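Peer 1: I'm passing along run26.txt; it holds compact mmCIF, C-alpha atoms and all ligand atoms.
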# COMPACT_ATOMS: atom_id res chain seq x y z
CA MET A 1 20.86 -10.10 -27.29
CA ARG A 2 18.47 -7.51 -28.66
CA VAL A 3 20.52 -4.42 -29.47
CA ILE A 4 18.41 -1.31 -29.97
CA ILE A 5 20.09 1.85 -31.19
CA LYS A 6 18.20 5.07 -30.58
CA LYS A 7 19.09 8.48 -31.96
CA ASN A 8 19.62 10.13 -28.58
CA TYR A 9 19.54 9.80 -24.80
CA GLU A 10 15.89 10.78 -24.53
CA GLU A 11 14.77 8.11 -27.01
CA MET A 12 16.98 5.53 -25.27
CA SER A 13 15.37 6.37 -21.92
CA LYS A 14 11.84 6.18 -23.35
CA GLU A 15 12.45 2.78 -24.91
CA ALA A 16 13.63 1.41 -21.55
CA ALA A 17 10.68 2.99 -19.70
CA GLU A 18 8.23 1.34 -22.12
CA ILE A 19 9.65 -2.10 -21.30
CA ILE A 20 9.26 -1.44 -17.57
CA LYS A 21 5.76 -0.02 -18.04
CA ASN A 22 4.67 -3.11 -19.98
CA LEU A 23 6.00 -5.36 -17.23
CA ILE A 24 4.23 -3.41 -14.44
CA GLN A 25 0.99 -3.50 -16.42
CA LYS A 26 1.30 -7.29 -16.84
CA LYS A 27 2.53 -7.98 -13.30
CA ALA A 28 1.61 -5.27 -10.80
CA ASN A 29 3.76 -6.82 -8.06
CA CYS A 30 6.84 -7.31 -10.20
CA VAL A 31 10.36 -7.15 -8.78
CA LEU A 32 12.61 -4.59 -10.44
CA GLY A 33 16.39 -4.47 -10.14
CA LEU A 34 17.53 -0.85 -10.34
CA ALA A 35 20.78 0.99 -10.98
CA THR A 36 22.23 4.40 -10.14
CA GLY A 37 24.57 6.72 -12.05
CA SER A 38 23.92 9.27 -14.79
CA THR A 39 22.70 6.70 -17.32
CA PRO A 40 19.29 5.77 -15.83
CA VAL A 41 18.28 9.29 -14.76
CA GLY A 42 16.32 9.84 -18.01
CA LEU A 43 14.61 6.47 -17.61
CA TYR A 44 13.52 7.41 -14.08
CA LYS A 45 12.24 10.80 -15.31
CA GLU A 46 10.13 9.02 -17.90
CA LEU A 47 8.75 6.57 -15.31
CA ILE A 48 7.82 9.54 -13.09
CA ARG A 49 6.06 11.13 -16.06
CA MET A 50 4.21 7.87 -16.78
CA HIS A 51 3.11 7.74 -13.14
CA LYS A 52 1.92 11.36 -13.05
CA GLU A 53 0.36 11.59 -16.51
CA GLU A 54 -0.71 8.04 -17.30
CA GLY A 55 -1.33 6.70 -13.80
CA LEU A 56 1.39 4.02 -13.94
CA ASP A 57 0.93 2.32 -10.59
CA PHE A 58 3.96 1.36 -8.48
CA SER A 59 1.98 0.54 -5.33
CA GLN A 60 2.81 -3.17 -5.47
CA VAL A 61 6.22 -2.96 -7.15
CA ILE A 62 9.25 -4.21 -5.24
CA THR A 63 12.78 -2.98 -6.03
CA PHE A 64 16.33 -4.06 -5.29
CA ASN A 65 19.27 -1.87 -6.20
CA LEU A 66 22.54 -3.24 -7.46
CA ASP A 67 24.89 -1.54 -5.05
CA GLU A 68 25.74 1.01 -2.38
CA TYR A 69 28.93 2.74 -1.31
CA TYR A 70 30.36 1.23 1.84
CA GLY A 71 30.60 3.77 4.65
CA LEU A 72 27.87 6.14 3.48
CA SER A 73 24.63 6.43 5.44
CA PRO A 74 21.28 6.58 3.60
CA GLU A 75 21.09 10.32 4.37
CA HIS A 76 24.44 11.08 2.72
CA PRO A 77 23.73 13.07 -0.48
CA GLN A 78 26.12 10.84 -2.45
CA SER A 79 24.66 7.58 -1.17
CA TYR A 80 22.76 5.53 -3.69
CA ARG A 81 19.76 5.38 -1.33
CA TYR A 82 19.61 9.17 -1.44
CA PHE A 83 20.01 9.11 -5.24
CA MET A 84 17.11 6.68 -5.66
CA ASP A 85 14.83 8.67 -3.35
CA VAL A 86 15.56 11.94 -5.12
CA ASN A 87 15.55 10.63 -8.68
CA LEU A 88 12.66 8.17 -8.48
CA PHE A 89 11.07 6.90 -5.27
CA ASN A 90 9.95 10.29 -3.87
CA HIS A 91 7.98 11.00 -7.04
CA ILE A 92 6.03 7.76 -7.54
CA ASN A 93 3.58 5.81 -5.38
CA ILE A 94 6.02 3.08 -4.41
CA LYS A 95 6.02 1.91 -0.78
CA LYS A 96 9.37 2.81 0.76
CA GLU A 97 9.43 -0.53 2.58
CA ASN A 98 9.34 -2.25 -0.82
CA THR A 99 12.54 -0.52 -1.95
CA HIS A 100 15.83 -2.19 -1.06
CA LEU A 101 19.44 -1.09 -1.33
CA PRO A 102 22.44 -2.65 0.35
CA ASP A 103 23.14 -1.01 3.71
CA GLY A 104 26.39 0.94 3.45
CA LYS A 105 26.75 1.09 7.22
CA VAL A 106 26.81 -2.60 8.14
CA PRO A 107 29.65 -3.26 10.60
CA ILE A 108 32.56 -4.92 8.85
CA GLU A 109 32.31 -8.12 10.91
CA LYS A 110 28.68 -8.58 9.85
CA ILE A 111 29.16 -7.94 6.13
CA GLU A 112 29.23 -11.53 4.95
CA GLN A 113 26.08 -12.42 6.80
CA TYR A 114 24.43 -9.20 5.64
CA CYS A 115 25.24 -9.89 1.98
CA GLU A 116 23.71 -13.35 2.26
CA SER A 117 20.59 -11.80 3.75
CA TYR A 118 20.35 -9.38 0.78
CA GLU A 119 20.37 -12.36 -1.56
CA ASP A 120 17.74 -14.09 0.62
CA MET A 121 15.48 -11.06 0.43
CA ILE A 122 15.65 -11.16 -3.36
CA LYS A 123 14.77 -14.86 -3.34
CA LYS A 124 11.90 -14.34 -0.88
CA ALA A 125 10.49 -11.63 -3.13
CA GLY A 126 10.39 -14.22 -5.92
CA GLY A 127 13.60 -13.22 -7.73
CA ILE A 128 14.18 -10.22 -9.96
CA ASP A 129 11.87 -10.01 -12.97
CA LEU A 130 13.73 -7.23 -14.71
CA GLN A 131 17.16 -5.84 -13.89
CA VAL A 132 18.42 -2.50 -15.22
CA VAL A 133 22.20 -2.15 -15.59
CA GLY A 134 24.53 0.55 -16.85
CA ILE A 135 28.20 0.01 -17.66
CA GLY A 136 31.20 1.63 -16.01
CA GLY A 137 34.17 2.91 -17.97
CA ASP A 138 36.03 -0.22 -16.81
CA GLY A 139 33.21 -2.53 -17.97
CA HIS A 140 31.64 -3.09 -14.58
CA ILE A 141 27.97 -3.87 -13.97
CA GLY A 142 26.94 -3.03 -10.45
CA PHE A 143 30.34 -2.51 -8.83
CA ASN A 144 31.74 -5.74 -10.23
CA GLU A 145 35.16 -4.42 -11.07
CA PRO A 146 37.55 -6.15 -13.51
CA GLY A 147 38.48 -9.55 -12.15
CA SER A 148 35.12 -10.19 -10.46
CA SER A 149 34.18 -13.84 -10.72
CA LEU A 150 31.49 -14.40 -13.31
CA ASN A 151 29.71 -16.41 -10.59
CA SER A 152 30.17 -13.80 -7.86
CA ARG A 153 27.41 -13.05 -5.36
CA THR A 154 26.52 -9.99 -3.27
CA ARG A 155 29.65 -8.96 -1.40
CA LEU A 156 32.02 -6.20 -0.31
CA VAL A 157 34.33 -5.04 -3.11
CA ALA A 158 37.17 -2.56 -3.46
CA LEU A 159 36.55 0.04 -6.15
CA ASP A 160 38.85 0.23 -9.13
CA GLU A 161 40.94 3.37 -9.62
CA GLN A 162 39.08 4.23 -12.81
CA THR A 163 35.71 3.97 -11.02
CA ILE A 164 36.96 6.24 -8.23
CA ARG A 165 38.11 8.76 -10.86
CA ASP A 166 34.86 8.48 -12.88
CA ASN A 167 32.67 8.90 -9.81
CA SER A 168 34.70 11.72 -8.27
CA ARG A 169 32.62 14.12 -10.39
CA PHE A 170 29.81 13.73 -7.84
CA PHE A 171 32.04 14.48 -4.83
CA GLU A 172 33.79 17.66 -3.74
CA LYS A 173 37.21 16.03 -4.02
CA ILE A 174 38.51 12.66 -5.12
CA GLU A 175 39.58 11.77 -1.56
CA ASP A 176 35.90 11.81 -0.56
CA VAL A 177 34.95 8.94 -2.90
CA PRO A 178 34.47 5.76 -0.86
CA ARG A 179 37.00 3.02 -1.64
CA PHE A 180 34.62 0.12 -1.01
CA ALA A 181 31.07 -0.83 -1.91
CA ILE A 182 28.54 -3.61 -1.46
CA THR A 183 27.35 -4.92 -4.80
CA MET A 184 25.20 -7.69 -6.17
CA GLY A 185 27.51 -10.18 -7.85
CA VAL A 186 27.69 -10.98 -11.54
CA GLY A 187 26.04 -14.32 -10.74
CA THR A 188 23.25 -12.53 -8.83
CA ILE A 189 22.59 -10.22 -11.79
CA LEU A 190 22.49 -13.14 -14.23
CA GLU A 191 19.64 -14.72 -12.26
CA ALA A 192 17.26 -11.90 -13.19
CA ARG A 193 14.63 -13.14 -15.65
CA GLU A 194 15.25 -10.24 -17.98
CA ILE A 195 17.91 -7.54 -18.20
CA ILE A 196 17.99 -4.08 -19.76
CA PHE A 197 21.51 -2.83 -20.44
CA LEU A 198 21.72 0.94 -21.03
CA ALA A 199 24.60 3.09 -22.25
CA ASN A 200 24.86 6.51 -23.80
CA GLY A 201 27.53 8.91 -24.99
CA LYS A 202 30.78 8.69 -26.92
CA LYS A 203 32.77 7.90 -23.77
CA LYS A 204 31.07 4.51 -23.50
CA ALA A 205 31.45 3.49 -27.18
CA SER A 206 34.65 1.50 -26.85
CA ILE A 207 33.72 -0.43 -23.68
CA VAL A 208 30.21 -1.13 -25.03
CA ALA A 209 31.68 -2.66 -28.21
CA LYS A 210 34.00 -4.83 -26.12
CA ALA A 211 31.19 -5.93 -23.80
CA ILE A 212 28.72 -6.80 -26.55
CA GLU A 213 30.92 -8.02 -29.37
CA GLY A 214 34.13 -9.03 -27.62
CA PRO A 215 34.97 -12.22 -25.77
CA ILE A 216 33.35 -13.01 -22.42
CA THR A 217 35.88 -12.16 -19.74
CA SER A 218 35.97 -11.35 -16.05
CA GLN A 219 38.05 -8.31 -17.07
CA ILE A 220 34.85 -6.78 -18.46
CA SER A 221 32.00 -7.89 -16.21
CA ALA A 222 29.34 -6.63 -18.64
CA SER A 223 30.52 -9.12 -21.27
CA VAL A 224 28.91 -11.91 -19.24
CA LEU A 225 25.51 -10.57 -20.28
CA GLN A 226 26.15 -12.43 -23.53
CA LEU A 227 25.33 -15.60 -21.56
CA HIS A 228 21.88 -14.38 -20.55
CA PRO A 229 18.97 -15.40 -22.80
CA LYS A 230 16.90 -12.24 -22.39
CA VAL A 231 18.97 -9.07 -22.55
CA THR A 232 17.86 -5.89 -24.30
CA VAL A 233 20.74 -3.51 -24.92
CA ILE A 234 19.52 0.04 -25.51
CA LEU A 235 22.10 2.55 -26.72
CA ASP A 236 22.17 6.01 -28.19
CA GLU A 237 24.00 6.49 -31.51
CA GLU A 238 27.17 7.69 -29.78
CA ALA A 239 27.48 4.69 -27.47
CA ALA A 240 26.76 2.39 -30.45
CA SER A 241 29.32 4.06 -32.69
CA GLU A 242 32.04 1.40 -32.35
CA LEU A 243 29.80 -1.65 -32.83
CA LYS A 244 30.73 -3.71 -35.88
CA ARG A 245 27.28 -5.17 -36.48
CA LYS A 246 25.30 -1.96 -36.04
CA GLU A 247 23.47 -2.29 -39.35
CA TYR A 248 22.37 -5.82 -38.54
CA TYR A 249 20.97 -4.74 -35.14
CA LYS A 250 18.99 -1.98 -36.84
CA PHE A 251 17.69 -4.45 -39.42
CA VAL A 252 16.54 -6.84 -36.66
CA TYR A 253 14.79 -4.03 -34.78
CA GLU A 254 12.85 -3.07 -37.92
CA ALA A 255 12.02 -6.75 -38.53
CA GLU A 256 10.66 -7.03 -34.97
CA LYS A 257 8.21 -4.25 -35.68
CA ARG A 258 6.98 -6.01 -38.84
CA ILE A 259 6.34 -9.36 -37.14
CA GLY A 260 5.31 -8.00 -33.74
CA LEU A 261 7.73 -10.18 -31.78
CA LYS A 262 10.91 -9.48 -29.84
CA LEU A 263 13.94 -11.23 -31.34
CA PHE A 264 16.48 -11.90 -28.61
P1 LIG B 1 27.17 6.22 -15.21
O1 LIG B 1 27.76 5.00 -14.42
O2 LIG B 1 25.73 5.86 -15.53
O3 LIG B 1 27.23 7.38 -14.25
O4 LIG B 1 27.97 6.39 -16.44
C1 LIG B 1 27.54 3.72 -14.90
C2 LIG B 1 28.16 2.71 -13.99
O5 LIG B 1 29.19 3.01 -13.36
O6 LIG B 1 27.64 1.59 -13.92
Can you present the structure in this file as structure tokens?

Peer 2:
Amino acid sequence: MRVIIKKNYEEMSKEAAEIIKNLIQKKANCVLGLATGSTPVGLYKELIRMHKEEGLDFSQVITFNLDEYYGLSPEHPQSYRYFMDVNLFNHINIKKENTHLPDGKVPIEKIEQYCESYEDMIKKAGGIDLQVVGIGGDGHIGFNEPGSSLNSRTRLVALDEQTIRDNSRFFEKIEDVPRFAITMGVGTILEAREIIFLANGKKKASIVAKAIEGPITSQISASVLQLHPKVTVILDEEAASELKRKEYYKFVYEAEKRIGLKLF
């Protein structure tokens, strides 16, 4: 794992945007895996800036999002489709038909078949070149709550109590938070060719340390990223504050700059 520690949220977001920009410039029709939540908002702002000021071209880019609340329509202001439109897609030259999120309104009896078709779409697009993930307070990536199989695929899941509490800040009242979601599985995420793992703020410090330096366990889905050969973890100082090997990660990052190579 590359672990990059930046001094603040803005620097963290810029570092992640640079990686995505480099990929788009190398492969105009790349497939991006995207995430929602507070964490990637700064990254999306920077990508919008790169599009507007530097002409970064999204016209051939294809995207797949990790997850969607079950029961919310795309027009619902708390749906992840709405979030992606407002925070990224409406401001860049991406084709809407190239952007994919799980459908939160699939009838319950069709869910299994639908989830398989989401996986098929990813495969047909050539697989995900670069997946962005954040981490939940309970260690989830996507909505893979504690106990999710490390081989899990796209499926319907029940949200953990902590997730419902954490996400209630976006809803009028906690009762409005959906109890279920459709999420890519841990196994689906691991098939991406490259992964960027973002976290910021003091609140994430303890779970980040467990995910990166603790044992691999289905109790903390993010810990499985240790098995992936090409993960770049980008943190701000606060989220990195409980890492034991912080100084080593900083040393490696400086060494990378000297030799001009990424050291995973
Ligand atoms: P957050 O959520 O970015 O809003 O902290 C992260 C997550 O739940 O994956």

Peer 1: What's around A:Val157 at 8 Å? Count only C-alpha atoms, leave out sequence neighbours fewer than 4 positions away in its own chain, and write the answer as a PyMOL selection string.

Peer 2: chain A and resi 143-144+180-183

Peer 1: Taking all atoms of stretch 11-25 of chain A that the file lists and extending 6 Å past them on each side, where is the centre of the axis-aligned box and how long are its edges? Answer in Å to one decimal, as AutoDock Vina command-line options.

Peer 2:
--center_x 9.0 --center_y 1.4 --center_z -20.7 --size_x 28.0 --size_y 25.5 --size_z 24.6

Peer 1: What's around A:His228 at 9 Å? Count all atoms listed in the file, leave out sequence neighbours fewer than 6 positions away in its own chain, and write the answer as JSON, numbers by chain.

Peer 2: {"A": [1, 190, 191, 193, 194, 195]}

Peer 1: What is the distance, in Å and to one decimal place, between atom CA of A:Glu15 and atom CA of A:Ile122?

Peer 2: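 Taking atom CA of A:Glu15 as the start and atom CA of A:Ile122 as the end point, the length is 25.9 Å.
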
Peer 1: May I have the residues within 12 Å of A:Lys26 as a ChimeraX atom specification, using all atoms listed in the file and disregarding those fewer than 3 positions away in the same chain?

Peer 2: /A:19-23,29-30,56-57,61,129

Peer 1: State, in Å with one decimal place, the distance from atom CA of A:Gly214 to atom CA of A:Gly134.

Peer 2: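 Value for the atom CA of A:Gly214-atom CA of A:Gly134 distance: 17.3 Å.
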
Peer 1: Could you give me, as a list of chain:residue names, every polymer residue with an atom at most 9 Å away from an atom of ligand LIG 1 (chain B), counting all atoms listed in the file?

Peer 2: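 Using all atoms listed in the file, everything at most 9 Å from ligand LIG 1 (chain B) comes to A:Ala35, A:Thr36, A:Gly37, A:Ser38, A:Thr39, A:Pro40, A:Val41, A:Val133, A:Gly134, A:Ile135, A:Gly136, A:Gly137, A:Asp138, A:Gly139, A:His140, A:Ile141, A:Gly142, A:Phe143, A:Thr163, A:Asp166, A:Asn167, A:Leu198, A:Ala199, A:Asn200, A:Gly201, A:Lys203, A:Lys204.
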
Peer 1: Write the residues of the preceding selection, restricted to C-alpha atoms, as a CSV table (one decimal), in the frame of the given file.

Peer 2:
chain,number,residue,atom,x,y,z
A,35,ALA,CA,20.8,1.0,-11.0
A,36,THR,CA,22.2,4.4,-10.1
A,37,GLY,CA,24.6,6.7,-12.0
A,38,SER,CA,23.9,9.3,-14.8
A,39,THR,CA,22.7,6.7,-17.3
A,40,PRO,CA,19.3,5.8,-15.8
A,41,VAL,CA,18.3,9.3,-14.8
A,133,VAL,CA,22.2,-2.2,-15.6
A,134,GLY,CA,24.5,0.6,-16.8
A,135,ILE,CA,28.2,0.0,-17.7
A,136,GLY,CA,31.2,1.6,-16.0
A,137,GLY,CA,34.2,2.9,-18.0
A,138,ASP,CA,36.0,-0.2,-16.8
A,139,GLY,CA,33.2,-2.5,-18.0
A,140,HIS,CA,31.6,-3.1,-14.6
A,141,ILE,CA,28.0,-3.9,-14.0
A,142,GLY,CA,26.9,-3.0,-10.4
A,143,PHE,CA,30.3,-2.5,-8.8
A,163,THR,CA,35.7,4.0,-11.0
A,166,ASP,CA,34.9,8.5,-12.9
A,167,ASN,CA,32.7,8.9,-9.8
A,198,LEU,CA,21.7,0.9,-21.0
A,199,ALA,CA,24.6,3.1,-22.2
A,200,ASN,CA,24.9,6.5,-23.8
A,201,GLY,CA,27.5,8.9,-25.0
A,203,LYS,CA,32.8,7.9,-23.8
A,204,LYS,CA,31.1,4.5,-23.5

Peer 1: Of the residues A:Val252, A:Ala192, A:Ile207, A:Val86, which is the one nearest to A:Val231, using all atoms listed in the file?

Peer 2: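 With all atoms listed in the file as the atom set, the closest residue is A:Ala192.
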
Peer 1: Take atom CA of A:Asp236 and atom CA of A:Met12 and report the distance between them in Å, one decimal.

Peer 2: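 Distance between the two atoms: 6.0 Å.
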
Peer 1: My list of candidates is A:Lys257, A:His51, A:Lys250, A:Lys173. Which is closest to A:Phe89 when distances are computed with only C-alpha atoms?

Peer 2: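 Of A:Lys257, A:His51, A:Lys250, A:Lys173, the one nearest A:Phe89 is A:His51, counting only C-alpha atoms.
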
Peer 1: Need the shell around A:Asn93: protein/DNA/RNA residues with any atom at most 12 Å away, counting only C-alpha atoms. Skip same-chain ones fewer than 3 positions apart. Format as a PDB file with C-alpha atoms, keeping the file's coordinate frame?

Peer 2:
ATOM      1  CA  LEU A  47       8.750   6.570 -15.310  1.00  0.00           C
ATOM      2  CA  ILE A  48       7.820   9.540 -13.090  1.00  0.00           C
ATOM      3  CA  MET A  50       4.210   7.870 -16.780  1.00  0.00           C
ATOM      4  CA  HIS A  51       3.110   7.740 -13.140  1.00  0.00           C
ATOM      5  CA  LYS A  52       1.920  11.360 -13.050  1.00  0.00           C
ATOM      6  CA  GLY A  55      -1.330   6.700 -13.800  1.00  0.00           C
ATOM      7  CA  LEU A  56       1.390   4.020 -13.940  1.00  0.00           C
ATOM      8  CA  ASP A  57       0.930   2.320 -10.590  1.00  0.00           C
ATOM      9  CA  PHE A  58       3.960   1.360  -8.480  1.00  0.00           C
ATOM     10  CA  SER A  59       1.980   0.540  -5.330  1.00  0.00           C
ATOM     11  CA  GLN A  60       2.810  -3.170  -5.470  1.00  0.00           C
ATOM     12  CA  VAL A  61       6.220  -2.960  -7.150  1.00  0.00           C
ATOM     13  CA  ILE A  62       9.250  -4.210  -5.240  1.00  0.00           C
ATOM     14  CA  ASP A  85      14.830   8.670  -3.350  1.00  0.00           C
ATOM     15  CA  LEU A  88      12.660   8.170  -8.480  1.00  0.00           C
ATOM     16  CA  PHE A  89      11.070   6.900  -5.270  1.00  0.00           C
ATOM     17  CA  ASN A  90       9.950  10.290  -3.870  1.00  0.00           C
ATOM     18  CA  LYS A  96       9.370   2.810   0.760  1.00  0.00           C
ATOM     19  CA  GLU A  97       9.430  -0.530   2.580  1.00  0.00           C
ATOM     20  CA  ASN A  98       9.340  -2.250  -0.820  1.00  0.00           C
ATOM     21  CA  THR A  99      12.540  -0.520  -1.950  1.00  0.00           C
TER      22      THR A  99
END

Peer 1: Tell me which of A:Glu119, A:Asp103, A:Glu247, A:Glu254 sits closest to A:Ser73, counting only C-alpha atoms.

Peer 2: A:Asp103

Peer 1: Find, counting only C-alpha atoms, the residue in A:Asn151, A:Glu112, A:Gln162, A:Tyr253 that gets nearest to A:Thr217.

Peer 2: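 Looking only at the distances to A:Thr217, the closest residue turns out to be A:Asn151.
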